[in-house]
>>> print(open('input.txt').read())   # compact mmCIF, C-alpha atoms and all ligand atoms
# COMPACT_ATOMS: atom_id res chain seq x y z
CA MET U 418 0.00 0.00 0.00
CA LYS U 419 1.23 3.47 -0.85
CA ASN U 420 1.91 5.89 1.97
CA LYS U 421 -1.43 7.50 2.68
CA ILE U 422 -0.11 11.05 2.18
CA ASP U 423 0.49 10.19 -1.47
CA VAL U 424 -3.16 9.33 -2.12
CA ASN U 425 -4.58 10.91 -5.26
CA TYR U 426 -8.13 12.04 -4.49
CA SER U 427 -8.82 13.62 -7.89
CA LEU U 428 -11.29 11.12 -9.36
CA TYR U 429 -12.96 9.21 -6.56
CA LEU U 430 -15.45 6.49 -7.49
CA VAL U 431 -18.19 5.63 -4.99
CA THR U 432 -19.98 2.39 -5.85
CA ASP U 433 -23.72 1.78 -6.02
CA ARG U 434 -24.87 -1.63 -7.24
CA GLY U 435 -28.37 -0.24 -7.71
CA ILE U 436 -27.42 1.69 -10.85
CA LEU U 437 -25.39 -1.06 -12.51
CA ASN U 438 -28.43 -2.63 -14.14
CA GLY U 439 -27.18 -6.10 -13.40
CA ARG U 440 -23.64 -5.49 -14.65
CA ASP U 441 -20.95 -7.04 -12.45
CA LEU U 442 -19.58 -4.66 -9.82
CA LYS U 443 -16.02 -5.96 -10.02
CA GLU U 444 -15.93 -5.54 -13.79
CA ALA U 445 -17.49 -2.08 -13.52
CA VAL U 446 -14.81 -1.01 -11.03
CA GLU U 447 -12.08 -2.32 -13.33
CA GLU U 448 -13.49 -0.36 -16.28
CA ALA U 449 -13.63 2.77 -14.12
CA ILE U 450 -10.01 2.32 -13.03
CA LEU U 451 -8.94 1.83 -16.65
CA GLY U 452 -10.69 5.15 -17.36
CA GLY U 453 -8.65 6.94 -14.70
CA VAL U 454 -10.38 6.59 -11.33
CA THR U 455 -7.78 7.18 -8.58
CA LEU U 456 -9.64 5.92 -5.50
CA VAL U 457 -12.58 3.54 -4.96
CA GLN U 458 -15.11 3.59 -2.13
CA LEU U 459 -17.20 0.45 -1.75
CA ARG U 460 -20.66 1.37 -0.54
CA GLU U 461 -23.11 -1.47 0.23
CA LYS U 462 -26.12 -0.27 2.16
CA ALA U 463 -28.35 -3.34 1.78
CA ALA U 464 -25.91 -6.25 1.98
CA SER U 465 -25.54 -8.68 4.87
CA THR U 466 -22.14 -8.60 6.55
CA LEU U 467 -21.13 -11.77 4.71
CA GLU U 468 -22.20 -10.35 1.31
CA PHE U 469 -20.37 -7.09 2.02
CA TYR U 470 -17.26 -9.02 3.05
CA ASN U 471 -17.31 -11.22 -0.04
CA THR U 472 -17.95 -8.25 -2.33
CA ALA U 473 -15.13 -6.31 -0.70
CA LEU U 474 -12.73 -9.20 -1.27
CA ARG U 475 -13.71 -9.37 -4.95
CA VAL U 476 -13.41 -5.62 -5.50
CA LYS U 477 -10.12 -5.47 -3.59
CA ALA U 478 -8.62 -8.02 -5.98
CA VAL U 479 -9.17 -5.42 -8.73
CA THR U 480 -8.06 -2.33 -6.81
CA ASP U 481 -4.91 -4.17 -5.66
CA LYS U 482 -4.16 -5.17 -9.24
CA TYR U 483 -3.98 -1.49 -10.23
CA ASN U 484 -2.57 -0.23 -6.91
CA ILE U 485 -5.69 1.88 -6.29
CA PRO U 486 -6.68 2.40 -2.63
CA LEU U 487 -9.95 0.77 -1.61
CA ILE U 488 -12.02 2.65 0.97
CA ILE U 489 -14.91 0.90 2.73
CA ASN U 490 -18.08 2.90 3.41
CA ASP U 491 -19.39 2.87 6.97
CA ARG U 492 -18.20 -0.57 8.05
CA LEU U 493 -14.98 -0.60 10.02
CA ASP U 494 -15.35 -4.36 10.51
CA ILE U 495 -15.26 -4.94 6.75
CA ALA U 496 -12.35 -2.52 6.31
CA LEU U 497 -10.31 -4.50 8.86
CA ALA U 498 -11.44 -7.89 7.60
CA VAL U 499 -10.32 -7.28 4.01
CA ASP U 500 -7.34 -5.12 4.99
CA ALA U 501 -8.68 -2.15 3.03
CA ALA U 502 -6.69 1.05 2.62
CA GLY U 503 -9.29 2.96 4.59
CA LEU U 504 -12.76 3.73 5.87
CA HIS U 505 -15.28 6.42 5.02
CA VAL U 506 -17.86 7.38 7.65
CA GLY U 507 -20.93 9.59 7.40
CA GLN U 508 -22.60 11.54 10.17
CA ASP U 509 -24.84 8.50 10.97
CA ASP U 510 -21.91 6.12 11.18
CA MET U 511 -19.35 5.50 13.88
CA PRO U 512 -17.93 8.70 15.41
CA ALA U 513 -14.74 9.55 13.53
CA HIS U 514 -12.50 9.74 16.59
CA ILE U 515 -13.56 6.22 17.64
CA ALA U 516 -13.03 4.91 14.13
CA ARG U 517 -9.57 6.48 14.06
CA LYS U 518 -8.64 4.84 17.33
CA ILE U 519 -9.57 1.37 16.05
CA LEU U 520 -8.22 1.88 12.51
CA GLY U 521 -4.84 3.02 13.75
CA PRO U 522 -2.83 5.84 12.19
CA ASP U 523 -1.93 4.15 8.92
CA ARG U 524 -5.30 3.60 7.28
CA ILE U 525 -7.13 6.39 5.47
CA LEU U 526 -10.13 7.84 7.29
CA GLY U 527 -12.64 9.98 5.40
CA VAL U 528 -15.70 11.75 6.80
CA SER U 529 -18.81 13.05 5.02
CA THR U 530 -19.56 16.66 5.90
CA ALA U 531 -22.11 19.23 4.77
CA ASN U 532 -20.87 22.41 6.43
CA LEU U 533 -17.78 24.08 7.85
CA LYS U 534 -18.54 23.05 11.43
CA GLU U 535 -18.64 19.35 10.52
CA ALA U 536 -15.53 19.78 8.34
CA LEU U 537 -13.51 21.29 11.21
CA LYS U 538 -14.77 18.57 13.58
CA ALA U 539 -13.77 15.83 11.14
CA GLN U 540 -10.29 17.28 10.80
CA GLU U 541 -9.96 17.48 14.59
CA ASP U 542 -11.22 13.90 14.94
CA GLY U 543 -8.43 12.57 12.78
CA ALA U 544 -9.87 12.46 9.26
CA ASP U 545 -7.36 12.27 6.41
CA TYR U 546 -9.83 13.85 4.02
CA ILE U 547 -13.42 15.00 4.00
CA GLY U 548 -16.24 14.54 1.56
CA VAL U 549 -18.34 17.66 1.05
CA GLY U 550 -21.79 17.54 -0.46
CA ALA U 551 -24.28 17.18 -1.95
CA MET U 552 -23.01 19.85 -4.35
CA PHE U 553 -25.65 19.32 -7.05
CA PRO U 554 -29.01 17.55 -7.17
CA THR U 555 -28.45 13.81 -7.14
CA ILE U 556 -30.42 10.64 -7.60
CA SER U 557 -27.80 8.17 -6.38
CA LYS U 558 -28.00 8.90 -2.67
CA SER U 559 -31.23 9.63 -0.85
CA ASP U 560 -29.84 10.82 2.47
CA THR U 561 -28.07 13.95 1.26
CA ARG U 562 -28.01 17.56 2.38
CA ASP U 563 -27.40 20.46 0.03
CA VAL U 564 -24.12 22.34 0.10
CA THR U 565 -23.60 25.59 -1.82
CA LEU U 566 -20.51 26.26 -3.92
CA ASP U 567 -19.74 29.13 -1.52
CA GLU U 568 -19.73 26.75 1.44
CA LEU U 569 -17.39 24.40 -0.42
CA LYS U 570 -15.02 27.30 -1.04
CA ARG U 571 -15.21 28.40 2.60
CA ILE U 572 -14.49 24.86 3.80
CA LYS U 573 -11.54 24.48 1.44
CA GLU U 574 -10.07 27.76 2.68
CA SER U 575 -10.50 26.75 6.34
CA ILE U 576 -9.11 23.24 6.59
CA LYS U 577 -5.77 21.61 5.83
CA ILE U 578 -6.80 18.09 4.79
CA PRO U 579 -7.93 17.24 1.25
CA VAL U 580 -11.51 18.08 0.28
CA VAL U 581 -13.46 15.82 -2.06
CA ALA U 582 -16.69 17.25 -3.41
CA ILE U 583 -19.59 14.85 -3.95
CA GLY U 584 -23.18 14.87 -5.10
CA GLY U 585 -24.42 15.17 -8.65
CA ILE U 586 -20.96 15.80 -10.07
CA ASN U 587 -20.66 14.92 -13.76
CA GLN U 588 -18.79 15.75 -16.94
CA ASN U 589 -20.57 19.11 -17.17
CA ASN U 590 -19.90 20.53 -13.75
CA VAL U 591 -16.72 18.86 -12.51
CA LYS U 592 -14.55 21.75 -13.70
CA GLN U 593 -16.49 24.19 -11.50
CA ILE U 594 -15.71 22.08 -8.44
CA ILE U 595 -12.00 21.92 -9.14
CA GLU U 596 -11.81 25.65 -9.88
CA LEU U 597 -13.23 26.27 -6.39
CA GLY U 598 -10.25 24.42 -4.95
CA ALA U 599 -11.57 20.91 -4.31
CA ASP U 600 -8.83 18.25 -4.32
CA GLY U 601 -11.10 15.78 -5.98
CA ALA U 602 -14.53 14.90 -7.24
CA ALA U 603 -16.43 11.87 -6.01
CA VAL U 604 -18.85 10.43 -8.51
CA ILE U 605 -21.33 7.61 -8.64
CA SER U 606 -23.79 7.77 -11.50
CA ALA U 607 -21.63 9.92 -13.81
CA ILE U 608 -19.48 6.79 -14.10
CA LEU U 609 -21.49 3.72 -13.04
CA GLY U 610 -24.75 4.99 -14.50
CA ARG U 611 -23.23 5.29 -17.96
CA LYS U 612 -23.21 2.53 -20.52
CA ASP U 613 -19.52 2.90 -21.30
CA ILE U 614 -17.98 3.13 -17.83
CA LYS U 615 -14.38 3.49 -18.97
CA GLN U 616 -15.29 6.23 -21.44
CA ALA U 617 -17.28 8.07 -18.76
CA ALA U 618 -14.26 8.05 -16.43
CA LEU U 619 -11.95 9.16 -19.26
CA GLU U 620 -14.20 12.15 -19.98
CA LEU U 621 -14.20 13.19 -16.32
CA LYS U 622 -10.43 12.80 -16.19
CA LYS U 623 -10.06 15.09 -19.18
CA LYS U 624 -12.19 17.78 -17.57
CA LEU U 625 -10.25 17.43 -14.32
CA ASN U 626 -7.02 17.92 -16.24
CA GLY U 627 -8.35 21.19 -17.59
CA ASP U 628 -9.09 20.07 -21.13
CA SER U 629 -12.35 21.50 -22.36
CA MET F 26 -13.91 -8.41 32.52
CA LYS F 27 -14.00 -11.95 33.90
CA ASN F 28 -11.83 -14.56 32.29
CA LYS F 29 -13.84 -15.82 29.37
CA ILE F 30 -13.68 -19.46 30.46
CA ASP F 31 -15.71 -18.49 33.53
CA VAL F 32 -18.64 -17.22 31.48
CA ASN F 33 -22.00 -18.49 32.66
CA TYR F 34 -24.11 -19.27 29.59
CA SER F 35 -27.14 -20.60 31.44
CA LEU F 36 -29.64 -17.78 30.89
CA TYR F 37 -28.66 -15.81 27.82
CA LEU F 38 -30.76 -12.78 26.87
CA VAL F 39 -30.84 -11.73 23.21
CA THR F 40 -32.35 -8.28 22.72
CA ASP F 41 -35.04 -7.24 20.27
CA ARG F 42 -36.34 -3.70 20.49
CA GLY F 43 -39.31 -4.66 18.33
CA ILE F 44 -41.04 -6.54 21.14
CA LEU F 45 -40.45 -3.96 23.86
CA ASN F 46 -43.57 -1.99 22.99
CA GLY F 47 -41.79 1.28 23.50
CA ARG F 48 -40.20 0.32 26.82
CA ASP F 49 -36.61 1.46 27.22
CA LEU F 50 -34.07 -1.16 26.17
CA LYS F 51 -31.54 -0.25 28.85
CA GLU F 52 -34.17 -0.52 31.59
CA ALA F 53 -35.45 -3.79 30.16
CA VAL F 54 -31.94 -5.26 30.19
CA GLU F 55 -31.46 -4.16 33.79
CA GLU F 56 -34.74 -5.83 34.83
CA ALA F 57 -33.67 -9.01 33.05
CA ILE F 58 -30.31 -9.00 34.82
CA LEU F 59 -32.01 -8.47 38.17
CA GLY F 60 -34.11 -11.53 37.31
CA GLY F 61 -31.02 -13.65 36.74
CA VAL F 62 -29.86 -13.29 33.15
CA THR F 63 -26.18 -14.29 32.96
CA LEU F 64 -25.21 -12.96 29.52
CA VAL F 65 -26.63 -10.29 27.20
CA GLN F 66 -26.45 -10.18 23.42
CA LEU F 67 -27.30 -6.84 21.82
CA ARG F 68 -29.03 -7.42 18.50
CA GLU F 69 -29.91 -4.37 16.38
CA LYS F 70 -30.80 -5.31 12.83
CA ALA F 71 -32.32 -2.00 11.71
CA ALA F 72 -30.13 0.61 13.38
CA SER F 73 -27.60 2.85 11.70
CA THR F 74 -24.02 2.31 12.85
CA LEU F 75 -24.23 5.42 15.03
CA GLU F 76 -27.50 4.30 16.64
CA PHE F 77 -26.08 0.82 17.25
CA TYR F 78 -22.94 2.33 18.78
CA ASN F 79 -24.88 4.66 21.06
CA THR F 80 -27.29 1.89 22.11
CA ALA F 81 -24.37 -0.42 22.83
CA LEU F 82 -22.74 2.21 25.04
CA ARG F 83 -25.98 2.64 27.01
CA VAL F 84 -26.57 -1.09 27.42
CA LYS F 85 -22.93 -1.68 28.35
CA ALA F 86 -23.27 0.78 31.22
CA VAL F 87 -25.86 -1.61 32.69
CA THR F 88 -24.07 -4.89 31.95
CA ASP F 89 -20.83 -3.46 33.38
CA LYS F 90 -22.69 -2.38 36.52
CA TYR F 91 -23.68 -6.01 37.19
CA ASN F 92 -20.51 -7.58 35.75
CA ILE F 93 -22.51 -9.36 33.03
CA PRO F 94 -20.71 -9.93 29.71
CA LEU F 95 -22.12 -7.97 26.76
CA ILE F 96 -22.00 -9.73 23.40
CA ILE F 97 -22.61 -7.74 20.19
CA ASN F 98 -24.60 -9.41 17.42
CA ASP F 99 -23.03 -9.42 13.94
CA ARG F 100 -21.05 -6.17 14.18
CA LEU F 101 -17.40 -6.57 15.03
CA ASP F 102 -16.91 -2.82 14.58
CA ILE F 103 -19.41 -2.10 17.35
CA ALA F 104 -17.92 -4.79 19.59
CA LEU F 105 -14.48 -3.18 19.27
CA ALA F 106 -15.78 0.38 19.54
CA VAL F 107 -17.56 -0.19 22.87
CA ASP F 108 -15.02 -2.74 24.17
CA ALA F 109 -17.67 -5.43 24.47
CA ALA F 110 -16.89 -8.80 26.00
CA GLY F 111 -17.57 -10.50 22.70
CA LEU F 112 -19.22 -10.93 19.33
CA HIS F 113 -21.89 -13.29 18.06
CA VAL F 114 -21.98 -14.08 14.34
CA GLY F 115 -24.55 -15.90 12.27
CA GLN F 116 -24.04 -17.80 9.04
CA ASP F 117 -24.72 -14.56 7.05
CA ASP F 118 -22.23 -12.53 9.04
CA MET F 119 -18.47 -12.33 8.94
CA PRO F 120 -16.75 -15.74 8.69
CA ALA F 121 -15.90 -16.84 12.22
CA HIS F 122 -12.19 -17.42 11.58
CA ILE F 123 -11.83 -13.85 10.25
CA ALA F 124 -13.78 -12.45 13.18
CA ARG F 125 -11.54 -14.40 15.59
CA LYS F 126 -8.42 -12.99 13.97
CA ILE F 127 -9.59 -9.39 14.39
CA LEU F 128 -11.16 -9.89 17.83
CA GLY F 129 -8.05 -11.45 19.28
CA PRO F 130 -8.02 -14.41 21.65
CA ASP F 131 -9.48 -12.68 24.71
CA ARG F 132 -12.95 -11.70 23.55
CA ILE F 133 -15.80 -14.19 23.43
CA LEU F 134 -16.82 -15.38 19.97
CA GLY F 135 -20.15 -17.12 19.46
CA VAL F 136 -21.52 -18.62 16.25
CA SER F 137 -25.10 -19.49 15.28
CA THR F 138 -25.43 -23.03 13.96
CA ALA F 139 -28.31 -25.25 12.88
CA ASN F 140 -26.63 -28.62 12.42
CA LEU F 141 -23.64 -30.69 13.46
CA LYS F 142 -21.56 -29.73 10.44
CA GLU F 143 -21.86 -26.02 11.19
CA ALA F 144 -21.22 -26.68 14.88
CA LEU F 145 -17.97 -28.52 14.18
CA LYS F 146 -16.89 -25.81 11.72
CA ALA F 147 -17.58 -23.08 14.31
CA GLN F 148 -15.52 -24.90 16.92
CA GLU F 149 -12.68 -25.31 14.43
CA ASP F 150 -12.91 -21.63 13.46
CA GLY F 151 -12.29 -20.51 17.01
CA ALA F 152 -15.76 -20.09 18.52
CA ASP F 153 -15.97 -20.03 22.32
CA TYR F 154 -19.55 -21.22 22.24
CA ILE F 155 -22.23 -21.97 19.69
CA GLY F 156 -25.88 -21.09 19.48
CA VAL F 157 -28.07 -23.94 18.22
CA GLY F 158 -31.57 -23.36 16.90
CA ALA F 159 -34.30 -22.67 16.25
CA MET F 160 -35.40 -25.35 18.72
CA PHE F 161 -39.09 -24.41 18.83
CA PRO F 162 -41.34 -22.26 16.65
CA THR F 163 -40.52 -18.60 17.21
CA ILE F 164 -41.92 -15.21 16.29
CA SER F 165 -38.91 -13.10 17.37
CA LYS F 166 -36.55 -13.98 14.54
CA SER F 167 -37.62 -14.43 10.96
CA ASP F 168 -34.45 -15.93 9.48
CA THR F 169 -34.39 -19.17 11.45
CA ARG F 170 -33.97 -22.82 10.53
CA ASP F 171 -35.50 -25.66 12.51
CA VAL F 172 -33.35 -27.91 14.67
CA THR F 173 -34.69 -31.09 16.24
CA LEU F 174 -34.06 -32.02 19.86
CA ASP F 175 -32.16 -35.06 18.56
CA GLU F 176 -29.81 -32.85 16.56
CA LEU F 177 -29.19 -30.67 19.63
CA LYS F 178 -28.27 -33.79 21.60
CA ARG F 179 -25.99 -35.02 18.81
CA ILE F 180 -24.23 -31.65 18.63
CA LYS F 181 -23.77 -31.48 22.39
CA GLU F 182 -22.22 -34.96 22.38
CA SER F 183 -19.86 -34.08 19.52
CA ILE F 184 -18.30 -30.76 20.48
CA LYS F 185 -16.29 -29.46 23.41
CA ILE F 186 -17.35 -25.82 23.61
CA PRO F 187 -20.54 -24.69 25.39
CA VAL F 188 -23.83 -25.08 23.53
CA VAL F 189 -26.59 -22.51 23.95
CA ALA F 190 -29.97 -23.50 22.59
CA ILE F 191 -32.13 -20.77 21.05
CA GLY F 192 -35.50 -20.36 19.37
CA GLY F 193 -38.87 -20.36 21.04
CA ILE F 194 -37.48 -21.29 24.44
CA ASN F 195 -39.75 -20.28 27.31
CA GLN F 196 -40.75 -21.17 30.86
CA ASN F 197 -42.56 -24.32 29.63
CA ASN F 198 -39.83 -25.95 27.57
CA VAL F 199 -36.53 -24.70 28.99
CA LYS F 200 -36.15 -27.74 31.23
CA GLN F 201 -36.27 -30.04 28.18
CA ILE F 202 -33.33 -28.20 26.63
CA ILE F 203 -31.19 -28.40 29.73
CA GLU F 204 -31.98 -32.09 30.21
CA LEU F 205 -30.63 -32.72 26.72
CA GLY F 206 -27.31 -31.28 27.85
CA ALA F 207 -27.39 -27.67 26.64
CA ASP F 208 -25.17 -25.34 28.66
CA GLY F 209 -27.65 -22.56 28.39
CA ALA F 210 -30.86 -21.25 26.94
CA ALA F 211 -31.01 -18.07 24.88
CA VAL F 212 -34.31 -16.28 25.03
CA ILE F 213 -35.83 -13.18 23.51
CA SER F 214 -39.59 -12.94 23.84
CA ALA F 215 -39.92 -15.22 26.90
CA ILE F 216 -38.26 -12.35 28.76
CA LEU F 217 -38.59 -9.13 26.74
CA GLY F 218 -42.07 -9.94 25.46
CA ARG F 219 -43.45 -10.28 28.97
CA LYS F 220 -44.92 -7.40 30.95
CA ASP F 221 -42.86 -8.15 34.06
CA ILE F 222 -39.39 -8.72 32.65
CA LYS F 223 -37.67 -9.41 35.95
CA GLN F 224 -40.35 -11.93 36.95
CA ALA F 225 -40.08 -13.67 33.56
CA ALA F 226 -36.33 -14.07 34.01
CA LEU F 227 -36.80 -15.31 37.58
CA GLU F 228 -39.23 -17.98 36.39
CA LEU F 229 -36.78 -19.18 33.73
CA LYS F 230 -33.99 -19.22 36.29
CA LYS F 231 -36.08 -21.41 38.58
CA LYS F 232 -36.74 -23.92 35.82
CA LEU F 233 -33.05 -23.91 34.86
CA ASN F 234 -32.18 -24.69 38.45
CA GLY F 235 -34.42 -27.71 38.33
CA ASP F 236 -37.28 -26.36 40.40
CA SER F 237 -40.60 -27.33 38.97
NI NI U 701 -12.91 -5.75 29.48
>>> encode(input="input.txt", output="structure tokens")
Amino acid sequence: MKNKIDVNYSLYLVTDRGILNGRDLKEAVEEAILGGVTLVQLREKAASTLEFYNTALRVKAVTDKYNIPLIINDRLDIALAVDAAGLHVGQDDMPAHIARKILGPDRILGVSTANLKEALKAQEDGADYIGVGAMFPTISKSDTRDVTLDELKRIKESIKIPVVAIGGINQNNVKQIIELGADGAAVISAILGRKDIKQAALELKKKLNGDS
Amino acid sequence: MKNKIDVNYSLYLVTDRGILNGRDLKEAVEEAILGGVTLVQLREKAASTLEFYNTALRVKAVTDKYNIPLIINDRLDIALAVDAAGLHVGQDDMPAHIARKILGPDRILGVSTANLKEALKAQEDGADYIGVGAMFPTISKSDTRDVTLDELKRIKESIKIPVVAIGGINQNNVKQIIELGADGAAVISAILGRKDIKQAALELKKKLNGDS
């Protein structure tokens, strides 16, 4: 595993089996990595612990193959069991400072935030990066809160750890997010909801690199 | 925490908030302990991770007060986060040998089984005890498989670790289970579904002790 300070947050894929239309998750993740995804978060809200564990093992075989860090959503037990690179917690998940204590210093810890107060708290609690969103209207996640572009800018100016914007980010608006200072864009449907997953990631990568 | 070989499995309470009719879980657990429960398993199938964590902290305050081991159902992350005495996994949860590796040797690991093959596997995987059931028809758990009294006897004769019978056990049939050699009876509704929780536990305790 790479040193966690070298992690590239620029194009952060968050998985959602619900929008894959029956396509295999492992294959979808591989396509996305071939298109330029730099980080993968496995998010399984409906799976049993055993299903989540088995899925995480399968997906980790792909992320390991390409040396891409795998982050587990919510479930510290799964992150430890599959030796994932890190854990991402939301505000309804385990408190970040408890998660940090159990994870140890070497794994990546990310925290979902929707305002400056939560962002500062996450940083204090030992997060390595924060997610900020939802930036734009989104259909992938139902439990989101709106964040303005101004708030994103304010957060970025106020904290030291990397900021990954999330929520409705796609090929059309990703440039806006990066211009406001975000270190990365987290996407779900703009990659996994597209027929050609690799192509979708390539297009986002292009926009992130400043090509029009 | 007591040495885990000293654990008394005889009257094992498994929680279910759904049958409490709005009564407070922490208070219900305290009543059950005052009635003689020797072990408590916290089972929260619908809670968010944060809710589960907070509930576990509240319930642990009670179990600690009476020096009763608290076992967390399914979620190794919660067990570690609240420093519980142990973890109980079912056949849809994390594989027992993985759970054992992360838990370490000192915490209690229990595994749900429904036949001799699973019982032997659990013992081999590092379980400290097994649950066997469902022994009788039950309304508390929906994902159960039937186990005959003969199979319980066969399992008890074939493995070395303690055997806790579960599933529809109540004041009328608990004696049968113990006479077949079970080291304990796990109950949900026969305690938590009763109006007087302490009294319900006392009655079970009496039957376990051989009083008629
Ligand atoms: Ni202890």
>>> atom_distance(input="input.txt", atom1="CA of Leu474 in chain U", atom2="CA of Pro486 in chain U")
13.2 Å
>>> closest_atom_pairs(input="input.txt", of="chain F", to="ligand NI 701 (chain U)", cutoff="12 Å", atoms="only C-alpha atoms and all ligand atoms", output="JSON lines")
{"residue": "F:Met26", "atom": "CA", "partner": "U:NI701", "partner_atom": "NI", "distance": 4.2}
{"residue": "F:Lys27", "atom": "CA", "partner": "U:NI701", "partner_atom": "NI", "distance": 7.7}
{"residue": "F:Asn28", "atom": "CA", "partner": "U:NI701", "partner_atom": "NI", "distance": 9.3}
{"residue": "F:Lys29", "atom": "CA", "partner": "U:NI701", "partner_atom": "NI", "distance": 10.1}
{"residue": "F:Lys85", "atom": "CA", "partner": "U:NI701", "partner_atom": "NI", "distance": 10.9}
{"residue": "F:Thr88", "atom": "CA", "partner": "U:NI701", "partner_atom": "NI", "distance": 11.5}
{"residue": "F:Asp89", "atom": "CA", "partner": "U:NI701", "partner_atom": "NI", "distance": 9.1}
{"residue": "F:Asn92", "atom": "CA", "partner": "U:NI701", "partner_atom": "NI", "distance": 10.0}
{"residue": "F:Ile93", "atom": "CA", "partner": "U:NI701", "partner_atom": "NI", "distance": 10.9}
{"residue": "F:Pro94", "atom": "CA", "partner": "U:NI701", "partner_atom": "NI", "distance": 8.9}
{"residue": "F:Leu95", "atom": "CA", "partner": "U:NI701", "partner_atom": "NI", "distance": 9.9}
{"residue": "F:Ile96", "atom": "CA", "partner": "U:NI701", "partner_atom": "NI", "distance": 11.6}
{"residue": "F:Ala104", "atom": "CA", "partner": "U:NI701", "partner_atom": "NI", "distance": 11.1}
{"residue": "F:Leu105", "atom": "CA", "partner": "U:NI701", "partner_atom": "NI", "distance": 10.6}
{"residue": "F:Val107", "atom": "CA", "partner": "U:NI701", "partner_atom": "NI", "distance": 9.8}
{"residue": "F:Asp108", "atom": "CA", "partner": "U:NI701", "partner_atom": "NI", "distance": 6.5}
{"residue": "F:Ala109", "atom": "CA", "partner": "U:NI701", "partner_atom": "NI", "distance": 6.9}
{"residue": "F:Ala110", "atom": "CA", "partner": "U:NI701", "partner_atom": "NI", "distance": 6.1}
{"residue": "F:Gly111", "atom": "CA", "partner": "U:NI701", "partner_atom": "NI", "distance": 9.5}
{"residue": "F:Asp131", "atom": "CA", "partner": "U:NI701", "partner_atom": "NI", "distance": 9.1}
{"residue": "F:Arg132", "atom": "CA", "partner": "U:NI701", "partner_atom": "NI", "distance": 8.4}
{"residue": "F:Ile133", "atom": "CA", "partner": "U:NI701", "partner_atom": "NI", "distance": 10.8}
>>> residues_around(input="input.txt", residues="range 545-555 of chain U", least_positions_apart="3", cutoff="10 Å", atoms="only C-alpha atoms", output="PyMOL selection string")
chain U and resi 421-422+424+426+503+505-507+517+522+524-533+535-537+539-540+542+558-566+568-569+572-573+576-587+590+594+599-603+605-606
>>> closest_residue(input="input.txt", among="F:Pro120, F:Gly206, F:Gly60, F:Gly47", to="chain U", atoms="only C-alpha atoms")
F:Pro120
>>> atom_distance(input="input.txt", atom1="CA of Asp31 in chain F", atom2="CA of Ala152 in chain F")
15.1 Å
>>> interface_residues(input="input.txt", of="chain U", to="chain F", cutoff="10 Å", atoms="only C-alpha atoms", output="list in words")
Ala464, Ser465, Thr466, Leu467, Glu468, Phe469, Tyr470, Asn471, Asp491, Arg492, Leu493, Asp494, Ile495, Ala496, Leu497, Ala498, Val499, Val506, Gly507, Gln508, Asp509, Asp510, Met511, Pro512, Ile515, Ala516, Lys518 and Ile519 of chain U
>>> closest_residue(input="input.txt", among="U:Ala445, U:Ser427, U:Ala607, U:Arg440", to="Ile595 in chain U", atoms="all atoms listed in the file")
U:Ser427
>>> atom_distance(input="input.txt", atom1="CA of Val54 in chain F", atom2="CA of Lys232 in chain F")
20.1 Å
>>> axis_aligned_box(input="input.txt", around="range 599-617 of chain U", padding_each_side="4 Å", output="lines of an AutoDock Vina configuration file")
center_x = -16.8
center_y = 11.7
center_z = -12.9
size_x = 23.9
size_y = 26.4
size_z = 25.1
>>> closest_residue(input="input.txt", among="F:Asn98, F:Ser183, F:Thr80, F:Asn46", to="Val65 in chain F", atoms="only C-alpha atoms")
F:Asn98
>>> closest_residue(input="input.txt", among="F:Leu217, F:Leu233, F:Leu128, F:Gly151", to="Glu55 in chain F", atoms="all atoms listed in the file")
F:Leu217
>>> residues_around(input="input.txt", residues="Gly453 in chain U", least_positions_apart="6", cutoff="12 Å", atoms="all atoms listed in the file", output="list in words")
Asn425, Tyr426, Ser427, Leu428, Tyr429, Leu430, Val446, Glu447, Tyr483, Ile485, Ile608, Ile614, Lys615, Gln616, Ala617, Ala618, Leu619, Glu620, Leu621, Lys622, Lys623, Lys624, Leu625 and Asn626 of chain U
>>> closest_residue(input="input.txt", among="F:Ala81, F:Ala121, F:Ala86, F:Ala71", to="Gly43 in chain F", atoms="only C-alpha atoms")
F:Ala71
